[in-house]
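Quick look at start25.cif (mmCIF, N, CA and C atoms):
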```cif
data_entry
#
loop_
_atom_site.label_atom_id
_atom_site.label_comp_id
_atom_site.auth_asym_id
_atom_site.auth_seq_id
_atom_site.Cartn_x
_atom_site.Cartn_y
_atom_site.Cartn_z
N MET A 14 -41.29 -17.84 -66.75
CA MET A 14 -41.19 -19.16 -66.16
C MET A 14 -41.71 -19.12 -64.71
N ALA A 15 -42.49 -20.10 -64.35
CA ALA A 15 -43.09 -20.16 -63.00
C ALA A 15 -42.04 -20.59 -61.98
N THR A 16 -42.17 -20.06 -60.78
CA THR A 16 -41.28 -20.46 -59.69
C THR A 16 -42.00 -21.46 -58.79
N ASP A 17 -41.23 -22.19 -57.96
CA ASP A 17 -41.83 -23.17 -57.06
C ASP A 17 -42.88 -22.54 -56.17
N SER A 18 -42.65 -21.30 -55.73
CA SER A 18 -43.58 -20.66 -54.79
C SER A 18 -44.96 -20.43 -55.40
N GLU A 19 -45.07 -20.43 -56.71
CA GLU A 19 -46.36 -20.24 -57.35
C GLU A 19 -47.24 -21.48 -57.28
N PHE A 20 -46.66 -22.64 -56.99
CA PHE A 20 -47.39 -23.90 -56.97
C PHE A 20 -47.85 -24.32 -55.58
N TYR A 21 -47.48 -23.56 -54.57
CA TYR A 21 -47.80 -23.92 -53.19
C TYR A 21 -48.56 -22.78 -52.52
N PRO A 22 -49.44 -23.10 -51.57
CA PRO A 22 -50.10 -22.02 -50.82
C PRO A 22 -49.06 -21.18 -50.09
N LYS A 23 -49.40 -19.94 -49.80
CA LYS A 23 -48.46 -19.00 -49.20
C LYS A 23 -47.87 -19.51 -47.87
N ASP A 24 -48.67 -20.22 -47.07
CA ASP A 24 -48.18 -20.68 -45.77
C ASP A 24 -47.63 -22.12 -45.81
N ASP A 25 -47.48 -22.69 -47.00
CA ASP A 25 -46.91 -24.03 -47.14
C ASP A 25 -45.42 -23.91 -47.39
N HIS A 26 -44.63 -24.29 -46.38
CA HIS A 26 -43.18 -24.19 -46.50
C HIS A 26 -42.54 -25.56 -46.71
N SER A 27 -43.33 -26.57 -47.06
CA SER A 27 -42.83 -27.93 -47.17
C SER A 27 -41.77 -28.10 -48.25
N TRP A 28 -41.75 -27.23 -49.21
CA TRP A 28 -40.81 -27.34 -50.30
C TRP A 28 -39.52 -26.55 -50.05
N LYS A 29 -39.46 -25.80 -48.95
CA LYS A 29 -38.30 -24.97 -48.65
C LYS A 29 -37.31 -25.71 -47.75
N THR A 30 -36.06 -25.35 -47.90
CA THR A 30 -35.02 -25.91 -47.03
C THR A 30 -34.28 -24.78 -46.35
N TRP A 31 -33.66 -25.10 -45.23
CA TRP A 31 -32.92 -24.10 -44.46
C TRP A 31 -31.82 -24.80 -43.69
N MET A 32 -30.65 -24.18 -43.64
CA MET A 32 -29.56 -24.72 -42.84
C MET A 32 -28.74 -23.55 -42.30
N PHE A 33 -28.38 -23.62 -41.04
CA PHE A 33 -27.58 -22.59 -40.38
C PHE A 33 -26.21 -23.22 -40.12
N GLN A 34 -25.37 -23.19 -41.13
CA GLN A 34 -24.07 -23.85 -41.08
C GLN A 34 -23.19 -23.33 -39.95
N GLU A 35 -23.23 -22.03 -39.69
CA GLU A 35 -22.41 -21.45 -38.63
C GLU A 35 -22.77 -22.01 -37.26
N TYR A 36 -24.08 -22.20 -37.02
CA TYR A 36 -24.53 -22.78 -35.76
C TYR A 36 -23.93 -24.17 -35.59
N LEU A 37 -24.02 -24.97 -36.65
CA LEU A 37 -23.52 -26.34 -36.60
C LEU A 37 -22.01 -26.38 -36.41
N GLN A 38 -21.30 -25.43 -36.99
CA GLN A 38 -19.84 -25.38 -36.83
C GLN A 38 -19.45 -25.05 -35.40
N VAL A 39 -20.20 -24.15 -34.77
CA VAL A 39 -19.89 -23.73 -33.40
C VAL A 39 -20.41 -24.73 -32.38
N ARG A 40 -21.65 -25.19 -32.53
CA ARG A 40 -22.30 -26.04 -31.53
C ARG A 40 -22.15 -27.53 -31.78
N GLY A 41 -21.70 -27.90 -32.97
CA GLY A 41 -21.58 -29.32 -33.28
C GLY A 41 -22.90 -29.86 -33.80
N PRO A 42 -23.00 -31.19 -33.89
CA PRO A 42 -24.22 -31.78 -34.46
C PRO A 42 -25.44 -31.55 -33.58
N LEU A 43 -26.60 -31.64 -34.21
CA LEU A 43 -27.85 -31.45 -33.49
C LEU A 43 -28.12 -32.64 -32.57
N THR A 44 -28.66 -32.31 -31.40
CA THR A 44 -29.08 -33.31 -30.43
C THR A 44 -30.48 -32.93 -29.97
N GLU A 45 -31.10 -33.79 -29.17
CA GLU A 45 -32.44 -33.43 -28.69
C GLU A 45 -32.39 -32.27 -27.71
N GLU A 46 -31.23 -31.96 -27.17
CA GLU A 46 -31.10 -30.81 -26.26
C GLU A 46 -30.93 -29.49 -26.99
N ASN A 47 -30.39 -29.49 -28.22
CA ASN A 47 -30.14 -28.21 -28.89
C ASN A 47 -30.95 -28.00 -30.17
N VAL A 48 -31.72 -28.98 -30.61
CA VAL A 48 -32.44 -28.85 -31.89
C VAL A 48 -33.50 -27.74 -31.83
N MET A 49 -34.14 -27.54 -30.69
CA MET A 49 -35.14 -26.47 -30.61
C MET A 49 -34.47 -25.09 -30.69
N GLU A 50 -33.32 -24.94 -30.07
CA GLU A 50 -32.57 -23.68 -30.17
C GLU A 50 -32.19 -23.42 -31.63
N TYR A 51 -31.77 -24.45 -32.33
CA TYR A 51 -31.44 -24.35 -33.75
C TYR A 51 -32.67 -23.93 -34.55
N PHE A 52 -33.81 -24.58 -34.29
CA PHE A 52 -35.06 -24.29 -35.00
C PHE A 52 -35.50 -22.85 -34.78
N GLU A 53 -35.25 -22.30 -33.59
CA GLU A 53 -35.64 -20.92 -33.28
C GLU A 53 -34.95 -19.91 -34.19
N GLU A 54 -33.88 -20.30 -34.85
CA GLU A 54 -33.17 -19.41 -35.77
C GLU A 54 -33.73 -19.43 -37.18
N SER A 55 -34.62 -20.37 -37.48
CA SER A 55 -35.11 -20.52 -38.85
C SER A 55 -36.27 -19.58 -39.16
N PHE A 56 -36.53 -19.41 -40.44
CA PHE A 56 -37.66 -18.58 -40.88
C PHE A 56 -39.00 -19.24 -40.55
N LEU A 57 -39.00 -20.51 -40.23
CA LEU A 57 -40.23 -21.23 -39.89
C LEU A 57 -40.71 -20.95 -38.47
N PHE A 58 -39.82 -20.48 -37.62
CA PHE A 58 -40.15 -20.27 -36.21
C PHE A 58 -40.96 -18.99 -36.06
N ASP A 59 -42.12 -19.10 -35.44
CA ASP A 59 -43.02 -17.97 -35.22
C ASP A 59 -42.64 -17.28 -33.91
N ARG A 60 -42.23 -16.04 -34.00
CA ARG A 60 -41.77 -15.29 -32.83
C ARG A 60 -42.90 -15.01 -31.82
N SER A 61 -44.15 -15.21 -32.24
CA SER A 61 -45.27 -15.01 -31.30
C SER A 61 -45.63 -16.30 -30.55
N SER A 62 -44.85 -17.36 -30.76
CA SER A 62 -45.14 -18.64 -30.10
C SER A 62 -44.87 -18.57 -28.60
N ASN A 63 -45.50 -19.49 -27.88
CA ASN A 63 -45.26 -19.59 -26.44
C ASN A 63 -43.80 -19.89 -26.14
N ASN A 64 -43.15 -20.64 -27.02
CA ASN A 64 -41.73 -20.94 -26.83
C ASN A 64 -40.92 -19.66 -26.77
N ASN A 65 -41.21 -18.73 -27.67
CA ASN A 65 -40.46 -17.48 -27.70
C ASN A 65 -40.82 -16.60 -26.50
N VAL A 66 -42.07 -16.59 -26.10
CA VAL A 66 -42.48 -15.83 -24.91
C VAL A 66 -41.72 -16.35 -23.70
N LEU A 67 -41.66 -17.65 -23.53
CA LEU A 67 -40.94 -18.25 -22.42
C LEU A 67 -39.45 -17.93 -22.50
N ARG A 68 -38.89 -17.99 -23.70
CA ARG A 68 -37.47 -17.66 -23.89
C ARG A 68 -37.19 -16.21 -23.49
N MET A 69 -38.08 -15.30 -23.87
CA MET A 69 -37.90 -13.89 -23.53
C MET A 69 -38.01 -13.68 -22.02
N GLN A 70 -38.87 -14.43 -21.36
CA GLN A 70 -39.05 -14.30 -19.91
C GLN A 70 -37.83 -14.80 -19.15
N THR A 71 -37.09 -15.72 -19.74
CA THR A 71 -35.96 -16.33 -19.03
C THR A 71 -34.60 -15.98 -19.63
N GLN A 72 -34.56 -15.09 -20.59
CA GLN A 72 -33.30 -14.82 -21.31
C GLN A 72 -32.20 -14.22 -20.44
N HIS A 73 -32.57 -13.55 -19.38
CA HIS A 73 -31.55 -12.91 -18.53
C HIS A 73 -31.21 -13.75 -17.31
N ALA A 74 -31.71 -14.96 -17.29
CA ALA A 74 -31.39 -15.86 -16.18
C ALA A 74 -29.93 -16.30 -16.30
N ASP A 75 -29.40 -16.77 -15.23
CA ASP A 75 -28.03 -17.29 -15.21
C ASP A 75 -27.91 -18.39 -16.27
N PRO A 76 -26.96 -18.30 -17.22
CA PRO A 76 -26.83 -19.31 -18.27
C PRO A 76 -26.59 -20.72 -17.71
N ASN A 77 -26.02 -20.79 -16.52
CA ASN A 77 -25.79 -22.10 -15.91
C ASN A 77 -27.09 -22.70 -15.37
N LEU A 78 -28.13 -21.88 -15.27
CA LEU A 78 -29.42 -22.35 -14.74
C LEU A 78 -30.48 -22.46 -15.83
N ARG A 79 -30.08 -22.40 -17.10
CA ARG A 79 -31.03 -22.49 -18.21
C ARG A 79 -31.81 -23.79 -18.15
N MET A 80 -33.08 -23.70 -18.54
CA MET A 80 -33.94 -24.87 -18.54
C MET A 80 -33.56 -25.82 -19.66
N GLY A 81 -33.61 -27.09 -19.37
CA GLY A 81 -33.42 -28.11 -20.39
C GLY A 81 -34.71 -28.32 -21.15
N ARG A 82 -34.67 -29.27 -22.06
CA ARG A 82 -35.83 -29.55 -22.91
C ARG A 82 -37.06 -29.95 -22.10
N LEU A 83 -36.90 -30.86 -21.16
CA LEU A 83 -38.06 -31.33 -20.38
C LEU A 83 -38.61 -30.24 -19.47
N GLU A 84 -37.73 -29.44 -18.89
CA GLU A 84 -38.18 -28.33 -18.05
C GLU A 84 -38.96 -27.31 -18.88
N THR A 85 -38.47 -27.04 -20.09
CA THR A 85 -39.16 -26.11 -20.98
C THR A 85 -40.55 -26.64 -21.33
N GLU A 86 -40.64 -27.92 -21.65
CA GLU A 86 -41.94 -28.51 -21.97
C GLU A 86 -42.90 -28.40 -20.79
N ASN A 87 -42.40 -28.60 -19.59
CA ASN A 87 -43.26 -28.47 -18.40
C ASN A 87 -43.71 -27.03 -18.19
N GLU A 88 -42.83 -26.07 -18.42
CA GLU A 88 -43.19 -24.66 -18.27
C GLU A 88 -44.21 -24.25 -19.32
N LEU A 89 -44.12 -24.78 -20.53
CA LEU A 89 -45.07 -24.44 -21.60
C LEU A 89 -46.49 -24.86 -21.26
N LYS A 90 -46.65 -25.80 -20.35
CA LYS A 90 -47.98 -26.25 -19.95
C LYS A 90 -48.76 -25.14 -19.23
N ARG A 91 -48.08 -24.12 -18.75
CA ARG A 91 -48.75 -22.99 -18.09
C ARG A 91 -49.44 -22.06 -19.09
N PHE A 92 -49.06 -22.15 -20.35
CA PHE A 92 -49.54 -21.25 -21.40
C PHE A 92 -50.69 -21.88 -22.17
N THR A 93 -51.41 -21.03 -22.89
CA THR A 93 -52.33 -21.49 -23.91
C THR A 93 -51.92 -20.82 -25.21
N GLY A 94 -52.23 -21.44 -26.31
CA GLY A 94 -51.87 -20.86 -27.60
C GLY A 94 -50.88 -21.74 -28.34
N MET A 95 -50.22 -21.16 -29.34
CA MET A 95 -49.35 -21.90 -30.23
C MET A 95 -47.99 -22.14 -29.61
N GLU A 96 -47.51 -23.38 -29.78
CA GLU A 96 -46.19 -23.76 -29.27
C GLU A 96 -45.58 -24.77 -30.22
N TYR A 97 -44.29 -24.98 -30.05
CA TYR A 97 -43.56 -26.00 -30.80
C TYR A 97 -43.07 -27.05 -29.82
N ALA A 98 -43.05 -28.31 -30.27
CA ALA A 98 -42.57 -29.40 -29.43
C ALA A 98 -41.79 -30.39 -30.28
N LEU A 99 -40.73 -30.90 -29.72
CA LEU A 99 -39.96 -31.95 -30.35
C LEU A 99 -40.71 -33.26 -30.09
N VAL A 100 -41.21 -33.88 -31.16
CA VAL A 100 -42.02 -35.09 -31.00
C VAL A 100 -41.30 -36.36 -31.46
N HIS A 101 -40.18 -36.19 -32.14
CA HIS A 101 -39.37 -37.35 -32.53
C HIS A 101 -37.91 -36.92 -32.53
N SER A 102 -37.10 -37.74 -31.88
CA SER A 102 -35.68 -37.41 -31.78
C SER A 102 -34.86 -38.68 -31.94
N GLN A 103 -34.41 -38.91 -33.15
CA GLN A 103 -33.52 -40.02 -33.43
C GLN A 103 -32.59 -39.56 -34.53
N ALA A 104 -31.42 -39.04 -34.11
CA ALA A 104 -30.48 -38.47 -35.08
C ALA A 104 -30.27 -39.44 -36.23
N PRO A 105 -30.27 -38.95 -37.45
CA PRO A 105 -30.22 -37.55 -37.84
C PRO A 105 -31.59 -36.91 -38.10
N LEU A 106 -32.68 -37.57 -37.70
CA LEU A 106 -34.01 -37.00 -37.96
C LEU A 106 -34.64 -36.50 -36.66
N PHE A 107 -35.07 -35.24 -36.69
CA PHE A 107 -35.79 -34.62 -35.57
C PHE A 107 -37.08 -34.07 -36.14
N VAL A 108 -38.20 -34.29 -35.45
CA VAL A 108 -39.49 -33.79 -35.92
C VAL A 108 -40.04 -32.83 -34.88
N ILE A 109 -40.28 -31.60 -35.33
CA ILE A 109 -40.83 -30.55 -34.47
C ILE A 109 -42.26 -30.30 -34.90
N GLN A 110 -43.16 -30.33 -33.95
CA GLN A 110 -44.59 -30.16 -34.23
C GLN A 110 -45.05 -28.79 -33.74
N GLN A 111 -45.78 -28.10 -34.59
CA GLN A 111 -46.45 -26.86 -34.18
C GLN A 111 -47.84 -27.25 -33.74
N ARG A 112 -48.25 -26.79 -32.56
CA ARG A 112 -49.56 -27.18 -32.05
C ARG A 112 -50.17 -26.06 -31.23
N ASP A 113 -51.48 -26.16 -31.06
CA ASP A 113 -52.23 -25.17 -30.29
C ASP A 113 -52.68 -25.80 -28.98
N ARG A 114 -52.23 -25.24 -27.86
CA ARG A 114 -52.63 -25.73 -26.53
C ARG A 114 -53.88 -24.97 -26.13
N LEU A 115 -54.94 -25.71 -25.82
CA LEU A 115 -56.22 -25.11 -25.47
C LEU A 115 -56.25 -24.62 -24.02
N SER A 116 -55.63 -25.36 -23.13
CA SER A 116 -55.56 -24.99 -21.72
C SER A 116 -54.42 -25.80 -21.09
N PRO A 117 -54.03 -25.46 -19.87
CA PRO A 117 -52.97 -26.23 -19.24
C PRO A 117 -53.30 -27.71 -19.05
N THR A 118 -54.59 -28.05 -19.03
CA THR A 118 -54.97 -29.44 -18.80
C THR A 118 -55.56 -30.13 -20.02
N GLU A 119 -56.06 -29.37 -20.98
CA GLU A 119 -56.67 -29.97 -22.16
C GLU A 119 -55.61 -30.34 -23.19
N GLY A 120 -56.04 -31.18 -24.13
CA GLY A 120 -55.15 -31.63 -25.18
C GLY A 120 -54.78 -30.53 -26.15
N MET A 121 -53.97 -30.92 -27.12
CA MET A 121 -53.48 -29.97 -28.11
C MET A 121 -53.89 -30.41 -29.50
N HIS A 122 -53.98 -29.44 -30.40
CA HIS A 122 -54.31 -29.70 -31.78
C HIS A 122 -53.07 -29.44 -32.63
N PRO A 123 -52.48 -30.51 -33.22
CA PRO A 123 -51.32 -30.29 -34.08
C PRO A 123 -51.73 -29.54 -35.33
N SER A 124 -50.86 -28.64 -35.79
CA SER A 124 -51.19 -27.90 -37.00
C SER A 124 -50.12 -28.02 -38.08
N SER A 125 -48.87 -28.23 -37.71
CA SER A 125 -47.80 -28.37 -38.71
C SER A 125 -46.70 -29.24 -38.12
N ILE A 126 -45.93 -29.84 -39.03
CA ILE A 126 -44.79 -30.64 -38.61
C ILE A 126 -43.59 -30.20 -39.43
N PHE A 127 -42.46 -30.03 -38.73
CA PHE A 127 -41.22 -29.59 -39.38
C PHE A 127 -40.13 -30.62 -39.14
N PRO A 128 -39.81 -31.45 -40.16
CA PRO A 128 -38.70 -32.39 -39.97
C PRO A 128 -37.36 -31.66 -40.13
N GLU A 129 -36.43 -31.97 -39.28
CA GLU A 129 -35.06 -31.45 -39.36
C GLU A 129 -34.15 -32.65 -39.54
N ARG A 130 -33.45 -32.75 -40.64
CA ARG A 130 -32.61 -33.92 -40.90
C ARG A 130 -31.17 -33.44 -41.14
N PHE A 131 -30.25 -34.04 -40.37
CA PHE A 131 -28.83 -33.69 -40.51
C PHE A 131 -27.96 -34.90 -40.32
#
```

Represent the structure contained in this file as structure tokens.
Amino acid sequence: MATDSEFYPKDDHSWKTWMFQEYLQVRGPLTEENVMEYFEESFLFDRSSNNNVLRMQTQHADPNLRMGRLETENELKRFTGMEYALVHSQAPLFVIQQRDRLSPTEGMHPSSIFPERF
């Protein structure tokens, strides 16, 4: 018998679902401030992304001085390459876009979209 994975390209995860129940129990419902942190725990998150590089650079900073969503987006403008951005935030639907930044001043090319619904 064929499995679902046989009907989709290897890099197409549109048919897969993921939920981190423990995160939701500890942190409460998703908001536009914590949805990216939640997404970073999923199998869809690419550890080579600019988001992860920035997170690694700031992980030992004072937790009280952690960057918020808008500060993170501004810092990502310094990088080029693949990044994730929250492009829609209206609970219970959050849309995270994977995109390639060409330069700090040039536009970006979207490559994937990951809806998170809770």

Those in segment 23-104 of chain A with strand (DSSP E or B) from DSSP, as a ChimeraX atom specification:
/A:94-103

Would you list the residues near (-52.6, -21.4, -16.9) (no more than 6.5 Å away, in the coordinates of the file, using all atoms listed in the file) as a VMD selection string?
chain A and resid 90 to 93 116 to 117

Can you work out which one of A:Glu86, A:Glu96, A:Asp113, A:Glu50 has the shortest atom-to-atom distance to Asn64 of chain A, counting all atoms listed in the file?
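Comparing A:Glu86, A:Glu96, A:Asp113, A:Glu50 against Asn64 of chain A, the winner is A:Glu96.
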
If we count all atoms listed in the file and set the cut-off at 8 Å, which residues sit around Val48 of chain A, ignoring sequence neighbours fewer than 6 positions away in its own chain? Please answer as a PyMOL selection string.
chain A and resi 42+99+107

Would you output that residue set with N, CA and C atoms, as a short mmCIF file (atom, residue, chain, number, x, y, z; two decimals), in the frame of the given file?
```cif
data_model
loop_
_atom_site.label_atom_id
_atom_site.label_comp_id
_atom_site.auth_asym_id
_atom_site.auth_seq_id
_atom_site.Cartn_x
_atom_site.Cartn_y
_atom_site.Cartn_z
N PRO A 42 -23.00 -31.19 -33.89
CA PRO A 42 -24.22 -31.78 -34.46
C PRO A 42 -25.44 -31.55 -33.58
N LEU A 99 -40.73 -30.90 -29.72
CA LEU A 99 -39.96 -31.95 -30.35
C LEU A 99 -40.71 -33.26 -30.09
N PHE A 107 -35.07 -35.24 -36.69
CA PHE A 107 -35.79 -34.62 -35.57
C PHE A 107 -37.08 -34.07 -36.14
#
```

Using only C-alpha atoms, determine which residues lie at most 10 Å from Ser55 of chain A, disregarding the query and same-chain residues fewer than 4 positions distant; provide the list as a PDB file with N, CA and C atoms, keeping the file's coordinate frame.
```pdb
ATOM      1  N   THR A  30     -36.060 -25.350 -47.900  1.00  0.00           N
ATOM      2  CA  THR A  30     -35.020 -25.910 -47.030  1.00  0.00           C
ATOM      3  C   THR A  30     -34.280 -24.780 -46.350  1.00  0.00           C
ATOM      4  N   TRP A  31     -33.660 -25.100 -45.230  1.00  0.00           N
ATOM      5  CA  TRP A  31     -32.920 -24.100 -44.460  1.00  0.00           C
ATOM      6  C   TRP A  31     -31.820 -24.800 -43.690  1.00  0.00           C
ATOM      7  N   MET A  32     -30.650 -24.180 -43.640  1.00  0.00           N
ATOM      8  CA  MET A  32     -29.560 -24.720 -42.840  1.00  0.00           C
ATOM      9  C   MET A  32     -28.740 -23.550 -42.300  1.00  0.00           C
ATOM     10  N   PHE A  33     -28.380 -23.620 -41.040  1.00  0.00           N
ATOM     11  CA  PHE A  33     -27.580 -22.590 -40.380  1.00  0.00           C
ATOM     12  C   PHE A  33     -26.210 -23.220 -40.120  1.00  0.00           C
ATOM     13  N   GLU A  50     -33.320 -24.940 -30.070  1.00  0.00           N
ATOM     14  CA  GLU A  50     -32.570 -23.680 -30.170  1.00  0.00           C
ATOM     15  C   GLU A  50     -32.190 -23.420 -31.630  1.00  0.00           C
ATOM     16  N   TYR A  51     -31.770 -24.450 -32.330  1.00  0.00           N
ATOM     17  CA  TYR A  51     -31.440 -24.350 -33.750  1.00  0.00           C
ATOM     18  C   TYR A  51     -32.670 -23.930 -34.550  1.00  0.00           C
ATOM     19  N   ASP A  59     -42.120 -19.100 -35.440  1.00  0.00           N
ATOM     20  CA  ASP A  59     -43.020 -17.970 -35.220  1.00  0.00           C
ATOM     21  C   ASP A  59     -42.640 -17.280 -33.910  1.00  0.00           C
TER      22      ASP A  59
END
```

Which of segment 45-119 of chain A counts as helix (DSSP H, G or I) under DSSP, as a PDB file with N, CA and C atoms, in the coordinates of the input please?
```
ATOM      1  N   VAL A  48     -31.720 -28.980 -30.610  1.00  0.00           N
ATOM      2  CA  VAL A  48     -32.440 -28.850 -31.890  1.00  0.00           C
ATOM      3  C   VAL A  48     -33.500 -27.740 -31.830  1.00  0.00           C
ATOM      4  N   MET A  49     -34.140 -27.540 -30.690  1.00  0.00           N
ATOM      5  CA  MET A  49     -35.140 -26.470 -30.610  1.00  0.00           C
ATOM      6  C   MET A  49     -34.470 -25.090 -30.690  1.00  0.00           C
ATOM      7  N   GLU A  50     -33.320 -24.940 -30.070  1.00  0.00           N
ATOM      8  CA  GLU A  50     -32.570 -23.680 -30.170  1.00  0.00           C
ATOM      9  C   GLU A  50     -32.190 -23.420 -31.630  1.00  0.00           C
ATOM     10  N   TYR A  51     -31.770 -24.450 -32.330  1.00  0.00           N
ATOM     11  CA  TYR A  51     -31.440 -24.350 -33.750  1.00  0.00           C
ATOM     12  C   TYR A  51     -32.670 -23.930 -34.550  1.00  0.00           C
ATOM     13  N   PHE A  52     -33.810 -24.580 -34.290  1.00  0.00           N
ATOM     14  CA  PHE A  52     -35.060 -24.290 -35.000  1.00  0.00           C
ATOM     15  C   PHE A  52     -35.500 -22.850 -34.780  1.00  0.00           C
ATOM     16  N   ASN A  63     -45.500 -19.490 -27.880  1.00  0.00           N
ATOM     17  CA  ASN A  63     -45.260 -19.590 -26.440  1.00  0.00           C
ATOM     18  C   ASN A  63     -43.800 -19.890 -26.140  1.00  0.00           C
ATOM     19  N   ASN A  64     -43.150 -20.640 -27.020  1.00  0.00           N
ATOM     20  CA  ASN A  64     -41.730 -20.940 -26.830  1.00  0.00           C
ATOM     21  C   ASN A  64     -40.920 -19.660 -26.770  1.00  0.00           C
ATOM     22  N   ASN A  65     -41.210 -18.730 -27.670  1.00  0.00           N
ATOM     23  CA  ASN A  65     -40.460 -17.480 -27.700  1.00  0.00           C
ATOM     24  C   ASN A  65     -40.820 -16.600 -26.500  1.00  0.00           C
ATOM     25  N   VAL A  66     -42.070 -16.590 -26.100  1.00  0.00           N
ATOM     26  CA  VAL A  66     -42.480 -15.830 -24.910  1.00  0.00           C
ATOM     27  C   VAL A  66     -41.720 -16.350 -23.700  1.00  0.00           C
ATOM     28  N   LEU A  67     -41.660 -17.650 -23.530  1.00  0.00           N
ATOM     29  CA  LEU A  67     -40.940 -18.250 -22.420  1.00  0.00           C
ATOM     30  C   LEU A  67     -39.450 -17.930 -22.500  1.00  0.00           C
ATOM     31  N   ARG A  68     -38.890 -17.990 -23.700  1.00  0.00           N
ATOM     32  CA  ARG A  68     -37.470 -17.660 -23.890  1.00  0.00           C
ATOM     33  C   ARG A  68     -37.190 -16.210 -23.490  1.00  0.00           C
ATOM     34  N   MET A  69     -38.080 -15.300 -23.870  1.00  0.00           N
ATOM     35  CA  MET A  69     -37.900 -13.890 -23.530  1.00  0.00           C
ATOM     36  C   MET A  69     -38.010 -13.680 -22.020  1.00  0.00           C
ATOM     37  N   GLN A  70     -38.870 -14.430 -21.360  1.00  0.00           N
ATOM     38  CA  GLN A  70     -39.050 -14.300 -19.910  1.00  0.00           C
ATOM     39  C   GLN A  70     -37.830 -14.800 -19.150  1.00  0.00           C
ATOM     40  N   THR A  71     -37.090 -15.720 -19.740  1.00  0.00           N
ATOM     41  CA  THR A  71     -35.960 -16.330 -19.030  1.00  0.00           C
ATOM     42  C   THR A  71     -34.600 -15.980 -19.630  1.00  0.00           C
ATOM     43  N   PRO A  76     -26.960 -18.300 -17.220  1.00  0.00           N
ATOM     44  CA  PRO A  76     -26.830 -19.310 -18.270  1.00  0.00           C
ATOM     45  C   PRO A  76     -26.590 -20.720 -17.710  1.00  0.00           C
ATOM     46  N   ASN A  77     -26.020 -20.790 -16.520  1.00  0.00           N
ATOM     47  CA  ASN A  77     -25.790 -22.100 -15.910  1.00  0.00           C
ATOM     48  C   ASN A  77     -27.090 -22.700 -15.370  1.00  0.00           C
ATOM     49  N   LEU A  78     -28.130 -21.880 -15.270  1.00  0.00           N
ATOM     50  CA  LEU A  78     -29.420 -22.350 -14.740  1.00  0.00           C
ATOM     51  C   LEU A  78     -30.480 -22.460 -15.830  1.00  0.00           C
ATOM     52  N   ARG A  82     -34.670 -29.270 -22.060  1.00  0.00           N
ATOM     53  CA  ARG A  82     -35.830 -29.550 -22.910  1.00  0.00           C
ATOM     54  C   ARG A  82     -37.060 -29.950 -22.100  1.00  0.00           C
ATOM     55  N   LEU A  83     -36.900 -30.860 -21.160  1.00  0.00           N
ATOM     56  CA  LEU A  83     -38.060 -31.330 -20.380  1.00  0.00           C
ATOM     57  C   LEU A  83     -38.610 -30.240 -19.470  1.00  0.00           C
ATOM     58  N   GLU A  84     -37.730 -29.440 -18.890  1.00  0.00           N
ATOM     59  CA  GLU A  84     -38.180 -28.330 -18.050  1.00  0.00           C
ATOM     60  C   GLU A  84     -38.960 -27.310 -18.880  1.00  0.00           C
ATOM     61  N   THR A  85     -38.470 -27.040 -20.090  1.00  0.00           N
ATOM     62  CA  THR A  85     -39.160 -26.110 -20.980  1.00  0.00           C
ATOM     63  C   THR A  85     -40.550 -26.640 -21.330  1.00  0.00           C
ATOM     64  N   GLU A  86     -40.640 -27.920 -21.650  1.00  0.00           N
ATOM     65  CA  GLU A  86     -41.940 -28.510 -21.970  1.00  0.00           C
ATOM     66  C   GLU A  86     -42.900 -28.400 -20.790  1.00  0.00           C
ATOM     67  N   ASN A  87     -42.400 -28.600 -19.590  1.00  0.00           N
ATOM     68  CA  ASN A  87     -43.260 -28.470 -18.400  1.00  0.00           C
ATOM     69  C   ASN A  87     -43.710 -27.030 -18.190  1.00  0.00           C
ATOM     70  N   GLU A  88     -42.830 -26.070 -18.420  1.00  0.00           N
ATOM     71  CA  GLU A  88     -43.190 -24.660 -18.270  1.00  0.00           C
ATOM     72  C   GLU A  88     -44.210 -24.250 -19.320  1.00  0.00           C
ATOM     73  N   LEU A  89     -44.120 -24.780 -20.530  1.00  0.00           N
ATOM     74  CA  LEU A  89     -45.070 -24.440 -21.600  1.00  0.00           C
ATOM     75  C   LEU A  89     -46.490 -24.860 -21.260  1.00  0.00           C
TER      76      LEU A  89
END
```

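Between atom C of Tyr97 of chain A and atom N of Gln110 of chain A lies a distance of 5.3 Å.
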
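From atom N of Pro123 of chain A back to atom CA of Phe56 of chain A, the distance works out to 20.5 Å.
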
Correct to one decimal, the distance atom C of Gln34 of chain A-atom N of Val66 of chain A is 24.4 Å
